[in-house]
file entry_21.cif (mmCIF, C-alpha atoms)
data_target
loop_
_atom_site.label_atom_id
_atom_site.label_comp_id
_atom_site.auth_asym_id
_atom_site.auth_seq_id
_atom_site.Cartn_x
_atom_site.Cartn_y
_atom_site.Cartn_z
CA MET M 1 34.13 15.69 40.19
CA ALA M 2 35.82 12.43 39.46
CA SER M 3 38.36 13.22 42.13
CA SER M 4 37.97 10.49 44.72
CA GLY M 5 37.83 6.76 44.20
CA ASN M 6 34.86 6.04 46.42
CA GLY M 7 31.21 5.85 45.39
CA GLU M 8 29.72 5.58 41.90
CA HIS M 9 32.39 5.91 39.24
CA GLY M 10 34.34 7.94 41.68
CA TYR M 11 31.58 10.31 42.75
CA ALA M 12 31.66 11.53 46.33
CA THR M 13 27.98 10.98 47.00
CA ALA M 14 24.90 9.65 45.28
CA SER M 15 23.66 13.21 44.97
CA ASP M 16 26.86 14.11 43.09
CA TYR M 17 26.27 11.22 40.74
CA ILE M 18 22.71 12.37 40.02
CA GLN M 19 23.77 15.98 39.69
CA HIS M 20 26.47 15.02 37.24
CA HIS M 21 24.01 13.09 35.10
CA LEU M 22 21.67 16.04 34.98
CA THR M 23 24.28 18.52 33.85
CA ASN M 24 24.62 19.35 30.21
CA LEU M 25 27.87 19.88 28.38
CA THR M 26 27.57 23.64 28.18
CA TYR M 27 29.55 26.05 26.06
CA GLY M 28 29.02 29.69 26.85
CA LYS M 29 30.23 33.01 28.08
CA LEU M 30 31.18 33.16 31.72
CA PRO M 31 30.41 36.75 32.68
CA GLU M 32 32.50 39.09 34.75
CA GLY M 33 32.05 38.64 38.49
CA ALA M 34 31.08 34.97 38.27
CA THR M 35 32.77 32.41 40.47
CA THR M 36 34.51 29.46 38.88
CA CYS M 37 34.25 25.92 40.18
CA ASP M 38 37.40 26.23 42.23
CA GLY M 39 36.15 29.41 43.88
CA HIS M 40 38.02 32.06 41.85
CA LEU M 41 36.37 35.25 40.73
CA VAL M 42 36.19 35.75 37.00
CA GLU M 43 37.83 39.06 36.20
CA GLN M 44 37.16 39.14 32.51
CA ALA M 45 34.21 37.53 30.73
CA LYS M 46 35.32 34.54 28.66
CA TRP M 47 33.87 31.88 26.39
CA GLY M 48 34.43 28.25 27.13
CA LEU M 49 33.02 24.93 28.28
CA ALA M 50 31.52 25.03 31.75
CA LYS M 51 33.52 22.90 34.15
CA CYS M 52 30.64 22.37 36.56
CA GLY M 53 26.94 22.96 36.92
CA GLU M 54 27.40 26.24 38.78
CA GLU M 55 29.47 27.70 35.99
CA ALA M 56 26.89 26.61 33.45
CA SER M 57 24.07 28.28 35.31
CA GLN M 58 26.04 31.51 35.69
CA MET M 59 26.42 31.69 31.93
CA GLY M 60 22.76 32.57 31.64
CA PHE M 61 21.28 32.73 28.18
CA ASN M 62 24.67 33.17 26.50
CA ALA M 63 25.32 29.46 26.48
CA ILE M 64 24.45 26.42 24.46
CA HIS M 65 24.07 22.81 25.47
CA VAL M 66 26.54 21.23 23.11
CA ASP M 67 25.44 17.68 23.89
CA SER M 68 21.70 18.31 23.49
CA MET M 69 22.26 20.25 20.31
CA LEU M 70 24.55 17.65 18.73
CA TRP M 71 22.34 14.73 19.69
CA SER M 72 19.32 16.60 18.39
CA ILE M 73 21.02 17.33 15.09
CA GLY M 74 22.43 13.82 14.92
CA LEU M 75 19.08 12.16 15.48
CA GLY M 76 17.41 14.49 13.01
CA ALA M 77 20.12 13.64 10.52
CA ILE M 78 19.66 9.91 11.09
CA PHE M 79 15.94 10.29 10.47
CA LEU M 80 16.40 12.47 7.39
CA LEU M 81 19.21 10.41 5.86
CA PHE M 82 17.43 7.11 6.34
CA PHE M 83 14.16 8.44 4.96
CA TRP M 84 15.91 10.31 2.18
CA ARG M 85 17.84 7.21 1.09
CA VAL M 86 14.61 5.25 0.95
CA ALA M 87 12.67 8.08 -0.72
CA ARG M 88 15.32 8.47 -3.40
CA LYS M 89 14.93 4.86 -4.44
CA ALA M 90 11.22 4.68 -3.71
CA THR M 91 9.47 2.52 -6.22
CA SER M 92 5.82 2.01 -6.91
CA ASP M 93 6.47 -1.69 -7.47
CA VAL M 94 6.75 -4.17 -4.63
CA PRO M 95 8.58 -2.20 -1.91
CA SER M 96 11.69 -3.44 -0.13
CA GLY M 97 11.83 -3.97 3.63
CA ALA M 98 13.18 -0.50 4.40
CA GLN M 99 10.68 1.13 2.08
CA ASN M 100 7.89 -0.85 3.70
CA PHE M 101 8.95 0.39 7.11
CA VAL M 102 9.21 3.99 5.96
CA GLU M 103 5.90 3.81 4.13
CA THR M 104 4.19 2.40 7.20
CA LEU M 105 5.33 5.43 9.19
CA VAL M 106 4.45 7.83 6.40
CA GLU M 107 1.01 6.31 6.02
CA PHE M 108 0.45 6.37 9.76
CA VAL M 109 1.28 10.08 9.87
CA GLU M 110 -0.69 10.77 6.69
CA ASN M 111 -3.78 9.08 8.14
CA ASN M 112 -3.55 11.08 11.34
CA VAL M 113 -3.17 14.30 9.40
CA ARG M 114 -6.12 13.44 7.18
CA ASP M 115 -8.28 12.65 10.20
CA ILE M 116 -7.47 15.81 12.10
CA PHE M 117 -6.50 18.42 9.53
CA HIS M 118 -9.22 19.24 7.05
CA GLY M 119 -7.63 22.06 5.11
CA ARG M 120 -5.25 21.73 2.19
CA ASN M 121 -1.67 22.40 3.17
CA PRO M 122 1.11 20.19 1.84
CA TRP M 123 3.41 21.23 4.69
CA ILE M 124 1.39 19.82 7.56
CA ALA M 125 2.09 16.14 6.89
CA PRO M 126 5.90 16.53 6.54
CA ILE M 127 5.91 18.67 9.70
CA ALA M 128 4.01 15.94 11.53
CA LEU M 129 6.32 13.22 10.20
CA THR M 130 9.42 15.16 11.26
CA VAL M 131 7.96 15.85 14.70
CA PHE M 132 6.97 12.24 15.23
CA CYS M 133 10.23 10.66 14.05
CA TRP M 134 12.47 13.14 15.77
CA VAL M 135 10.67 12.96 19.10
CA LEU M 136 10.54 9.17 18.84
CA LEU M 137 14.26 8.91 18.15
CA SER M 138 15.23 11.30 20.91
CA ASN M 139 12.94 9.50 23.36
CA LEU M 140 14.49 6.20 22.32
CA MET M 141 17.87 7.49 23.51
CA ASP M 142 16.42 7.07 26.98
CA ILE M 143 16.53 3.29 26.58
CA ILE M 144 20.32 3.32 26.23
CA PRO M 145 21.80 2.54 29.67
CA VAL M 146 22.36 5.86 31.43
CA ASP M 147 26.08 5.46 31.98
CA LEU M 148 27.10 3.81 28.73
CA ILE M 149 27.75 6.79 26.50
CA PRO M 150 28.41 9.47 29.17
CA TYR M 151 30.99 7.29 30.93
CA THR M 152 32.68 6.29 27.68
CA LEU M 153 32.92 9.94 26.70
CA GLU M 154 34.15 10.87 30.15
CA LEU M 155 37.02 8.44 29.73
CA MET M 156 37.79 10.31 26.51
CA GLY M 157 37.80 13.60 28.37
CA VAL M 158 34.29 14.91 27.84
CA LYS M 159 33.14 15.94 31.27
CA PHE M 160 29.37 16.06 30.92
CA GLN M 161 27.00 14.34 28.54
CA LYS M 162 23.23 14.16 28.42
CA ILE M 163 22.27 11.97 25.51
CA VAL M 164 18.49 12.37 25.55
CA PRO M 165 17.60 15.66 23.85
CA SER M 166 13.99 15.46 25.01
CA THR M 167 15.07 15.64 28.66
CA ASP M 168 16.40 19.12 27.97
CA PRO M 169 13.63 21.73 28.37
CA ASN M 170 15.44 24.01 25.92
CA ILE M 171 15.05 21.38 23.24
CA THR M 172 11.43 20.43 23.93
CA LEU M 173 10.37 24.06 24.33
CA GLY M 174 12.31 24.96 21.21
CA THR M 175 10.44 22.35 19.25
CA ALA M 176 7.14 23.45 20.77
CA VAL M 177 7.87 27.09 20.01
CA PHE M 178 8.70 26.17 16.43
CA VAL M 179 5.20 24.71 16.24
CA PHE M 180 3.89 27.86 17.93
CA ILE M 181 5.58 30.07 15.34
CA LEU M 182 3.94 28.02 12.60
CA MET M 183 0.60 28.36 14.39
CA ILE M 184 0.87 32.16 14.52
CA TYR M 185 2.11 32.29 10.91
CA TYR M 186 -0.76 30.19 9.55
CA SER M 187 -3.31 31.93 11.75
CA PHE M 188 -2.41 35.26 10.20
CA LYS M 189 -1.97 33.80 6.75
CA VAL M 190 -5.37 32.11 6.71
CA LYS M 191 -7.45 34.49 8.83
CA GLY M 192 -5.48 37.72 8.61
CA PHE M 193 -6.96 40.28 10.95
CA GLY M 194 -9.68 37.74 11.72
CA PHE M 195 -7.18 36.04 14.01
CA ILE M 196 -7.08 39.06 16.32
CA LYS M 197 -10.85 39.29 16.06
CA GLU M 198 -11.12 35.62 17.00
CA LEU M 199 -8.98 36.23 20.07
CA SER M 200 -11.00 39.31 21.04
CA PHE M 201 -14.50 38.00 20.51
CA THR M 202 -14.35 34.53 22.04
CA PRO M 203 -15.83 33.29 24.25
CA PHE M 204 -18.08 36.41 24.60
CA ASN M 205 -19.06 37.81 21.24
CA THR M 206 -19.43 41.46 22.25
CA PRO M 207 -17.06 44.42 22.00
CA TRP M 208 -17.83 45.26 25.64
CA LEU M 209 -15.96 42.21 26.84
CA ILE M 210 -12.82 42.43 24.71
CA TRP M 211 -10.91 43.38 27.86
CA PHE M 212 -11.95 40.03 29.28
CA ASN M 213 -11.72 37.88 26.15
CA LEU M 214 -8.33 38.96 24.89
CA PRO M 215 -6.23 38.15 28.00
CA LEU M 216 -8.10 34.88 28.42
CA GLU M 217 -7.49 33.79 24.85
CA LEU M 218 -3.89 34.98 24.86
CA VAL M 219 -3.17 32.91 27.96
CA GLY M 220 -4.84 29.94 26.25
CA LEU M 221 -2.75 30.53 23.14
CA ILE M 222 0.55 30.83 24.97
CA ALA M 223 -0.28 27.84 27.16
CA LYS M 224 -0.27 25.65 24.05
CA PRO M 225 3.48 25.64 23.29
CA PHE M 226 4.26 25.52 27.01
CA SER M 227 2.09 22.49 27.64
CA LEU M 228 3.36 20.87 24.46
CA GLY M 229 7.02 21.31 25.34
CA LEU M 230 6.78 20.72 29.09
CA ARG M 231 4.68 17.57 28.73
CA LEU M 232 7.38 15.90 26.67
CA PHE M 233 10.14 17.23 28.89
CA GLY M 234 8.37 16.18 32.09
CA ASN M 235 7.68 12.65 30.98
CA LEU M 236 11.16 12.01 29.66
CA TYR M 237 12.94 13.82 32.46
CA ALA M 238 11.08 11.81 35.08
CA ALA M 239 11.84 8.56 33.28
CA GLU M 240 15.52 9.50 32.94
CA MET M 241 15.60 10.34 36.63
CA ILE M 242 14.24 6.92 37.52
CA PHE M 243 16.85 5.27 35.31
CA ILE M 244 19.55 7.25 37.12
CA LEU M 245 18.15 6.26 40.52
CA ILE M 246 18.05 2.62 39.45
CA ALA M 247 21.62 2.95 38.20
CA LEU M 248 22.61 4.04 41.72
CA MET M 249 21.60 0.60 42.96
CA PHE M 250 24.43 -1.00 41.00
CA GLY M 251 26.86 0.41 43.53
CA GLY M 252 25.15 -1.21 46.52
CA GLY M 253 26.50 -4.75 46.57
CA ILE M 254 25.67 -7.82 44.53
CA PHE M 255 22.13 -8.30 45.85
CA VAL M 256 21.03 -4.70 45.38
CA ALA M 257 22.76 -4.66 42.01
CA LEU M 258 20.75 -7.68 40.85
CA LEU M 259 17.60 -6.02 42.11
CA GLY M 260 18.64 -2.91 40.23
CA GLY M 261 19.09 -4.94 37.06
CA ALA M 262 15.59 -6.34 37.37
CA ALA M 263 14.20 -2.87 38.12
CA GLN M 264 15.97 -1.39 35.13
CA LEU M 265 14.61 -4.09 32.85
CA ALA M 266 11.09 -3.56 34.18
CA TRP M 267 11.27 0.21 33.92
CA ALA M 268 12.73 0.02 30.40
CA ALA M 269 9.91 -2.30 29.35
CA PHE M 270 7.36 0.14 30.72
CA HIS M 271 9.18 3.08 29.25
CA ILE M 272 8.98 1.53 25.80
CA LEU M 273 5.27 2.27 26.00
CA VAL M 274 5.86 5.87 27.02
CA ILE M 275 8.36 6.60 24.25
CA PRO M 276 6.08 6.23 21.21
CA LEU M 277 3.09 7.51 23.19
CA GLN M 278 4.80 10.82 23.90
CA ALA M 279 5.96 11.07 20.30
CA PHE M 280 2.41 10.37 19.13
CA ILE M 281 0.91 12.93 21.52
CA PHE M 282 3.39 15.56 20.40
CA MET M 283 2.60 14.87 16.74
CA VAL M 284 -1.18 14.82 17.19
CA LEU M 285 -1.16 18.05 19.20
CA THR M 286 1.03 19.66 16.55
CA ILE M 287 -1.52 18.71 13.90
CA VAL M 288 -4.43 19.83 16.10
CA TYR M 289 -2.86 23.21 16.82
CA LEU M 290 -2.02 23.80 13.17
CA SER M 291 -5.51 22.67 12.22
CA GLN M 292 -6.99 25.21 14.63
CA ALA M 293 -4.81 27.86 13.06
CA HIS M 294 -6.39 27.08 9.69
CA GLU M 295 -9.99 26.99 10.82
CA ASP M 296 -12.14 30.07 10.51
CA HIS M 297 -14.90 30.34 13.06
CA MET B 1 19.03 22.47 33.41
CA ASN B 2 19.44 26.08 32.45
CA PHE B 3 17.41 28.01 29.96
CA ASN B 4 19.74 29.27 27.29
CA ALA B 5 20.49 29.65 23.59
CA THR B 6 19.97 25.92 23.04
CA PHE B 7 16.32 26.93 22.83
CA ILE B 8 16.94 29.18 19.82
CA GLY B 9 19.26 26.58 18.32
CA GLN B 10 16.59 23.92 18.48
CA ILE B 11 14.02 26.17 16.78
CA VAL B 12 16.43 26.79 13.91
CA VAL B 13 17.57 23.17 13.69
CA PHE B 14 14.04 21.87 13.75
CA ALA B 15 12.94 24.32 11.07
CA ILE B 16 15.74 22.97 8.87
CA PHE B 17 14.66 19.36 9.57
CA VAL B 18 11.10 20.17 8.59
CA PHE B 19 12.20 21.98 5.47
CA LEU B 20 14.45 19.11 4.35
CA CYS B 21 11.77 16.56 5.12
CA ALA B 22 9.11 18.45 3.20
CA LYS B 23 11.47 19.07 0.29
CA TYR B 24 13.35 15.81 -0.19
CA VAL B 25 11.66 13.07 1.83
CA TRP B 26 7.92 13.50 1.72
CA PRO B 27 7.23 14.16 -2.00
CA PRO B 28 9.02 11.13 -3.51
CA LEU B 29 7.56 8.77 -0.90
CA MET B 30 4.09 10.15 -1.41
CA ALA B 31 4.48 9.99 -5.19
CA ALA B 32 5.58 6.35 -5.04
CA MET B 33 2.74 5.42 -2.71
CA GLN B 34 0.12 7.20 -4.78
CA GLU B 35 1.45 5.67 -7.95
CA ARG B 36 1.27 2.22 -6.39
CA GLN B 37 -2.26 2.96 -5.25
CA LYS B 38 -3.17 3.91 -8.80
CA LYS B 39 -1.47 0.79 -10.15
CA ILE B 40 -3.35 -1.47 -7.77
CA ALA B 41 -6.63 0.24 -8.58
CA GLU B 42 -5.91 -0.19 -12.27
CA GLY B 43 -4.96 -3.81 -11.74
CA LEU B 44 -8.18 -4.55 -9.89
CA ASP B 45 -10.12 -2.75 -12.58
CA ALA B 46 -8.40 -4.76 -15.31
CA ALA B 47 -9.05 -7.98 -13.41
CA SER B 48 -12.75 -7.25 -13.12
CA ARG B 49 -12.87 -6.29 -16.78
CA ALA B 50 -11.09 -9.53 -17.72
CA ASP B 51 -13.58 -11.40 -15.57
CA LYS B 52 -16.43 -9.86 -17.48
CA ALA B 53 -14.76 -10.59 -20.81
CA LEU B 54 -14.25 -14.19 -19.74
CA GLU B 55 -17.92 -14.51 -18.90
CA VAL B 56 -18.90 -13.07 -22.25
CA ALA B 57 -16.50 -15.41 -24.03
CA GLN B 58 -17.84 -18.38 -22.11
CA ASN B 59 -21.39 -17.46 -23.03
CA ASP B 60 -20.30 -17.01 -26.63
CA ALA B 61 -18.58 -20.38 -26.67
CA ALA B 62 -21.61 -22.12 -25.18
CA LYS B 63 -23.83 -20.48 -27.80
CA LYS B 64 -21.51 -21.52 -30.61
CA LEU B 65 -21.40 -25.07 -29.29
CA ARG B 66 -25.17 -25.21 -29.13
CA GLU B 67 -25.42 -23.90 -32.68
CA ALA B 68 -22.89 -26.41 -33.91
CA LYS B 69 -24.79 -29.24 -32.27
CA GLU B 70 -28.00 -28.06 -33.84
CA GLN B 71 -26.31 -27.81 -37.19
CA ALA B 72 -24.86 -31.28 -36.87
CA ALA B 73 -28.26 -32.67 -35.94
CA ASP B 74 -29.77 -30.92 -38.95
CA MET B 75 -27.13 -32.31 -41.25
CA LEU B 76 -27.59 -35.80 -39.91
CA GLU B 77 -31.33 -35.60 -40.45
CA GLN B 78 -30.85 -34.27 -43.94
CA ALA B 79 -28.41 -37.04 -44.75
CA ASN B 80 -30.81 -39.62 -43.42
CA ARG B 81 -33.58 -38.21 -45.53
CA ARG B 82 -31.34 -38.11 -48.55
CA ALA B 83 -30.27 -41.72 -48.01
CA ALA B 84 -33.88 -42.80 -47.74
CA ALA B 85 -34.66 -40.91 -50.91
CA ILE B 86 -31.75 -42.53 -52.71
CA VAL B 87 -32.86 -45.96 -51.53
CA ASP B 88 -36.43 -45.23 -52.67
CA GLU B 89 -35.22 -44.01 -56.02
CA ALA B 90 -33.03 -47.05 -56.48
CA LYS B 91 -35.95 -49.29 -55.56
CA ALA B 92 -38.22 -47.58 -58.08
CA GLU B 93 -35.59 -47.81 -60.76
CA ALA B 94 -35.01 -51.46 -60.03
CA GLU B 95 -38.73 -52.11 -60.19
CA ALA B 96 -38.97 -50.30 -63.50
CA GLU B 97 -36.02 -52.25 -64.83
CA ALA B 98 -37.57 -55.47 -63.66
CA LYS B 99 -40.84 -54.59 -65.38
CA ARG B 100 -39.00 -53.72 -68.55
CA ILE B 101 -37.08 -56.99 -68.47
CA VAL B 102 -40.28 -58.88 -67.84
CA ALA B 103 -41.99 -57.01 -70.68
CA ALA B 104 -39.09 -57.73 -73.04
CA ALA B 105 -39.18 -61.35 -72.10
CA GLN B 106 -42.97 -61.43 -72.67
CA SER B 107 -42.61 -59.92 -76.13
CA ASP B 108 -39.84 -62.45 -76.93
CA VAL B 109 -42.10 -65.22 -75.80
CA ASP B 110 -44.98 -63.82 -77.91
CA LYS B 111 -42.73 -63.51 -80.89
CA GLU B 112 -41.54 -67.09 -80.44
CA ARG B 113 -45.08 -68.25 -80.04
CA ASN B 114 -46.25 -66.48 -83.19
CA LEU B 115 -43.27 -67.85 -85.09
CA ALA B 116 -44.05 -71.32 -83.86
CA ARG B 117 -47.69 -70.85 -84.77
CA GLU B 118 -46.83 -69.69 -88.29
CA GLU B 119 -44.49 -72.62 -88.66
CA LEU B 120 -47.14 -74.92 -87.35
CA ARG B 121 -49.68 -73.45 -89.73
CA ALA B 122 -47.38 -73.86 -92.67
CA LYS B 123 -46.72 -77.42 -91.62
CA VAL B 124 -50.42 -78.08 -91.26
CA ALA B 125 -51.07 -76.71 -94.73
CA GLU B 126 -48.33 -78.83 -96.10
CA LEU B 127 -49.61 -81.87 -94.27
CA THR B 128 -53.12 -81.14 -95.41
CA MET B 129 -51.97 -80.84 -98.94
CA ALA B 130 -50.11 -84.04 -98.71
CA GLY B 131 -53.13 -85.69 -97.19
CA ALA B 132 -55.49 -84.36 -99.76
CA GLU B 133 -53.13 -85.38 -102.52
CA LYS B 134 -53.05 -88.81 -101.13
CA ILE B 135 -56.82 -88.85 -100.79
CA LEU B 136 -57.46 -87.57 -104.26
CA GLN B 137 -54.74 -89.60 -105.78
CA ALA B 138 -54.28 -86.85 -108.04
CA GLU B 139 -52.04 -84.11 -108.17
CA VAL B 140 -53.34 -81.01 -106.82
CA ASP B 141 -52.35 -78.08 -108.75
CA GLN B 142 -50.25 -76.17 -106.44
CA ALA B 143 -50.88 -72.91 -108.02
CA LYS B 144 -54.60 -73.53 -108.49
CA HIS B 145 -55.27 -74.46 -104.94
CA SER B 146 -52.72 -72.49 -103.10
CA GLU B 147 -55.20 -69.71 -102.43
CA LEU B 148 -57.58 -72.18 -100.98
CA LEU B 149 -54.88 -73.75 -98.97
CA ASP B 150 -53.65 -70.46 -97.61
CA LYS B 151 -57.19 -69.63 -96.56
CA LEU B 152 -57.33 -72.95 -94.84
CA ALA B 153 -54.04 -72.40 -93.15
CA ALA B 154 -55.16 -69.00 -91.95
CA GLU B 155 -58.21 -70.56 -90.39
CA LEU B 156 -56.09 -72.97 -88.36
#
call {"tool": "encode", "arguments": {"input": "entry_21.cif", "output": "structure tokens"}}
result
Amino acid sequence: MASSGNGEHGYATASDYIQHHLTNLTYGKLPEGATTCDGHLVEQAKWGLAKCGEEASQMGFNAIHVDSMLWSIGLGAIFLLFFWRVARKATSDVPSGAQNFVETLVEFVENNVRDIFHGRNPWIAPIALTVFCWVLLSNLMDIIPVDLIPYTLELMGVKFQKIVPSTDPNITLGTAVFVFILMIYYSFKVKGFGFIKELSFTPFNTPWLIWFNLPLELVGLIAKPFSLGLRLFGNLYAAEMIFILIALMFGGGIFVALLGGAAQLAWAAFHILVIPLQAFIFMVLTIVYLSQAHEDH
Amino acid sequence: MNFNATFIGQIVVFAIFVFLCAKYVWPPLMAAMQERQKKIAEGLDAASRADKALEVAQNDAAKKLREAKEQAADMLEQANRRAAAIVDEAKAEAEAEAKRIVAAAQSDVDKERNLAREELRAKVAELTMAGAEKILQAEVDQAKHSELLDKLAAEL
């Protein structure tokens, strides 16, 4: 892609630039019969890093977004290590600055859980804290200038890099489905067979309308993780897209570049509102869904 | 933007995050916060208890002060009374002493007067005798007339 010297960082067209920024670093199995980037036919399936977007999409499900995965793990590790370091030295005396910060977050999450979740389950609050902090951190990656890390890595030979895990639908849906799995687990654990009964007998409490109730409720149930994951993805993906479009302006002469700088600053300032809001929404909905799983009707 | 195994990876990774958070992060933080909460509650409780104790002590002190004042006033009054009594006593004693002295002096005077009178009487008798002797030109028998003379002297 970085073949010619014209355009953004050596991209042929603006569309190439955008496309490149939306392509994950993908490791997977290129199946037999696929075409490589330079037009060859793959004769034998092989594992490797995709060299372009087309290769990545031909890998199908047998692939993993190395960048998304590593950033996700890295951000989770940052959250856990920081909190763990503070928790290990947590004192009930006057807390230090870091402990104050951590306790503020913990108390914020704890209050939300206490307001929404009325059962007794010691796992809900840590789940909510993890969800909130992880989503917040991965959303915050969006504030880092779009080209900074990808371009640096490209100079070091890494072809693609998407640094915001929450702009990857695999990641957001994965997180949402994790919540969904917990929902199903707790629904059965708390209500047992009553969970199926609940699905079959709402909204119409009669055996004659199970055929109507069950599909309706199942759609409602399955819509929950989808809406949860796609809401986060949509918001962050759109914001990332706008950052990329603004970044395109930097290639259009001094005046447009200055305008782009102002636009980027403005959009980043606005986006700072979106980042914690989306993290908060994700956390609250997680608590609400898990709370519903615990409530017997 | 392909749907692939990243999805499964994220589920697993996130489950591990949640597990680690619930195991190693949440409990110590919660414990510390709850302990601090308890400490603060205890502190406030102790403060209010100390406040009450202070009030009680203040009341006690005021009562003691009042009692002491009363006692002091009592003592002062008693002392005053005692002083008055002592003064009265001393006065009475002095009066009695004065009376006694006066009485003693009176009796001395009486004694002196009687002595002087006796002396005077004796002198008169003697003078009478001498006069009578002179008048009678004779010697009066002392022994014979002494009774008469004594009677005369006694009548003086």
call {"tool": "resolve_selection", "arguments": {"input": "entry_21.cif", "expression": "the PyMOL selection byres ((chain M) within 6 of (chain B))", "output": "ChimeraX atom specification"}}
result
/M:57,61,63-65,84,87,91-92,126-127,130,170-171,174-175,178
call {"tool": "closest_residue", "arguments": {"input": "entry_21.cif", "among": "M:Gln278, M:Ser72, M:Ser187, M:Thr13", "to": "Lys162 of chain M", "atoms": "only C-alpha atoms"}}
result
M:Ser72
call {"tool": "closest_residue", "arguments": {"input": "entry_21.cif", "among": "M:Val274, M:Ala176, M:Ile254, M:Ala128", "to": "Leu140 of chain M", "atoms": "all atoms listed in the file"}}
result
M:Val274
call {"tool": "closest_residue", "arguments": {"input": "entry_21.cif", "among": "M:Phe195, M:Phe132, M:Trp123, M:Tyr186", "to": "Leu105 of chain M", "atoms": "only C-alpha atoms"}}
result
M:Phe132
call {"tool": "axis_aligned_box", "arguments": {"input": "entry_21.cif", "around": "segment 76-92 of chain B", "padding_each_side": "6 Å", "output": "JSON"}}
result
{"center_x": -32.9, "center_y": -41.8, "center_z": -49.0, "size_x": 22.6, "size_y": 27.0, "size_z": 30.2}
call {"tool": "resolve_selection", "arguments": {"input": "entry_21.cif", "expression": "the PyMOL selection byres ((chain M and resi 53) around 9)", "output": "JSON, numbers by chain"}}
result
{"M": [19, 20, 22, 23, 24, 26, 37, 50, 51, 52, 54, 55, 56, 57, 58], "B": [1]}
call {"tool": "residues_around", "arguments": {"input": "entry_21.cif", "residues": "Leu248 of chain M", "least_positions_apart": "6", "cutoff": "12 Å", "atoms": "all atoms listed in the file", "output": "compact mmCIF listing (two decimals) with C-alpha atoms, in the coordinates of the input"}}
result
# COMPACT_ATOMS: atom_id res chain seq x y z
CA GLY M 7 31.21 5.85 45.39
CA GLU M 8 29.72 5.58 41.90
CA HIS M 9 32.39 5.91 39.24
CA TYR M 11 31.58 10.31 42.75
CA THR M 13 27.98 10.98 47.00
CA ALA M 14 24.90 9.65 45.28
CA SER M 15 23.66 13.21 44.97
CA ASP M 16 26.86 14.11 43.09
CA TYR M 17 26.27 11.22 40.74
CA ILE M 18 22.71 12.37 40.02
CA HIS M 21 24.01 13.09 35.10
CA VAL M 146 22.36 5.86 31.43
CA ASP M 147 26.08 5.46 31.98
CA MET M 241 15.60 10.34 36.63
CA ILE M 242 14.24 6.92 37.52
CA VAL M 256 21.03 -4.70 45.38
CA ALA M 257 22.76 -4.66 42.01
CA LEU M 258 20.75 -7.68 40.85
CA LEU M 259 17.60 -6.02 42.11
CA GLY M 260 18.64 -2.91 40.23
CA GLY M 261 19.09 -4.94 37.06
CA ALA M 263 14.20 -2.87 38.12
CA GLN M 264 15.97 -1.39 35.13
call {"tool": "residues_around", "arguments": {"input": "entry_21.cif", "residues": "Leu25 of chain M", "least_positions_apart": "6", "cutoff": "7 Å", "atoms": "all atoms listed in the file", "output": "MDAnalysis selection string"}}
result
chainID M and resid 65:67 160:161
call {"tool": "residues_around", "arguments": {"input": "entry_21.cif", "residues": "Phe204 of chain M", "least_positions_apart": "3", "cutoff": "7 Å", "atoms": "all atoms listed in the file", "output": "MDAnalysis selection string"}}
result
chainID M and resid 201 209 213
call {"tool": "atom_distance", "arguments": {"input": "entry_21.cif", "atom1": "atom CA of Glu107 of chain M", "atom2": "atom CA of Leu182 of chain M"}}
result
22.9 Å
call {"tool": "resolve_selection", "arguments": {"input": "entry_21.cif", "expression": "the PyMOL selection byres ((chain M and resi 137) around 12)", "output": "mmCIF file with C-alpha atoms, in the coordinates of the input"}}
result
data_model
loop_
_atom_site.group_PDB
_atom_site.id
_atom_site.type_symbol
_atom_site.label_atom_id
_atom_site.label_comp_id
_atom_site.auth_asym_id
_atom_site.auth_seq_id
_atom_site.Cartn_x
_atom_site.Cartn_y
_atom_site.Cartn_z
ATOM 1 C CA TRP M 71 22.340 14.730 19.690
ATOM 2 C CA SER M 72 19.320 16.600 18.390
ATOM 3 C CA ILE M 73 21.020 17.330 15.090
ATOM 4 C CA GLY M 74 22.430 13.820 14.920
ATOM 5 C CA LEU M 75 19.080 12.160 15.480
ATOM 6 C CA GLY M 76 17.410 14.490 13.010
ATOM 7 C CA ALA M 77 20.120 13.640 10.520
ATOM 8 C CA ILE M 78 19.660 9.910 11.090
ATOM 9 C CA PHE M 79 15.940 10.290 10.470
ATOM 10 C CA LEU M 80 16.400 12.470 7.390
ATOM 11 C CA THR M 130 9.420 15.160 11.260
ATOM 12 C CA VAL M 131 7.960 15.850 14.700
ATOM 13 C CA PHE M 132 6.970 12.240 15.230
ATOM 14 C CA CYS M 133 10.230 10.660 14.050
ATOM 15 C CA TRP M 134 12.470 13.140 15.770
ATOM 16 C CA VAL M 135 10.670 12.960 19.100
ATOM 17 C CA LEU M 136 10.540 9.170 18.840
ATOM 18 C CA SER M 138 15.230 11.300 20.910
ATOM 19 C CA ASN M 139 12.940 9.500 23.360
ATOM 20 C CA LEU M 140 14.490 6.200 22.320
ATOM 21 C CA MET M 141 17.870 7.490 23.510
ATOM 22 C CA ASP M 142 16.420 7.070 26.980
ATOM 23 C CA ILE M 143 16.530 3.290 26.580
ATOM 24 C CA ILE M 144 20.320 3.320 26.230
ATOM 25 C CA ILE M 163 22.270 11.970 25.510
ATOM 26 C CA VAL M 164 18.490 12.370 25.550
ATOM 27 C CA PRO M 165 17.600 15.660 23.850
ATOM 28 C CA SER M 166 13.990 15.460 25.010
ATOM 29 C CA ILE M 272 8.980 1.530 25.800
ATOM 30 C CA ILE M 275 8.360 6.600 24.250
ATOM 31 C CA PRO M 276 6.080 6.230 21.210
ATOM 32 C CA GLN M 278 4.800 10.820 23.900
ATOM 33 C CA ALA M 279 5.960 11.070 20.300
ATOM 34 C CA PHE M 280 2.410 10.370 19.130
#
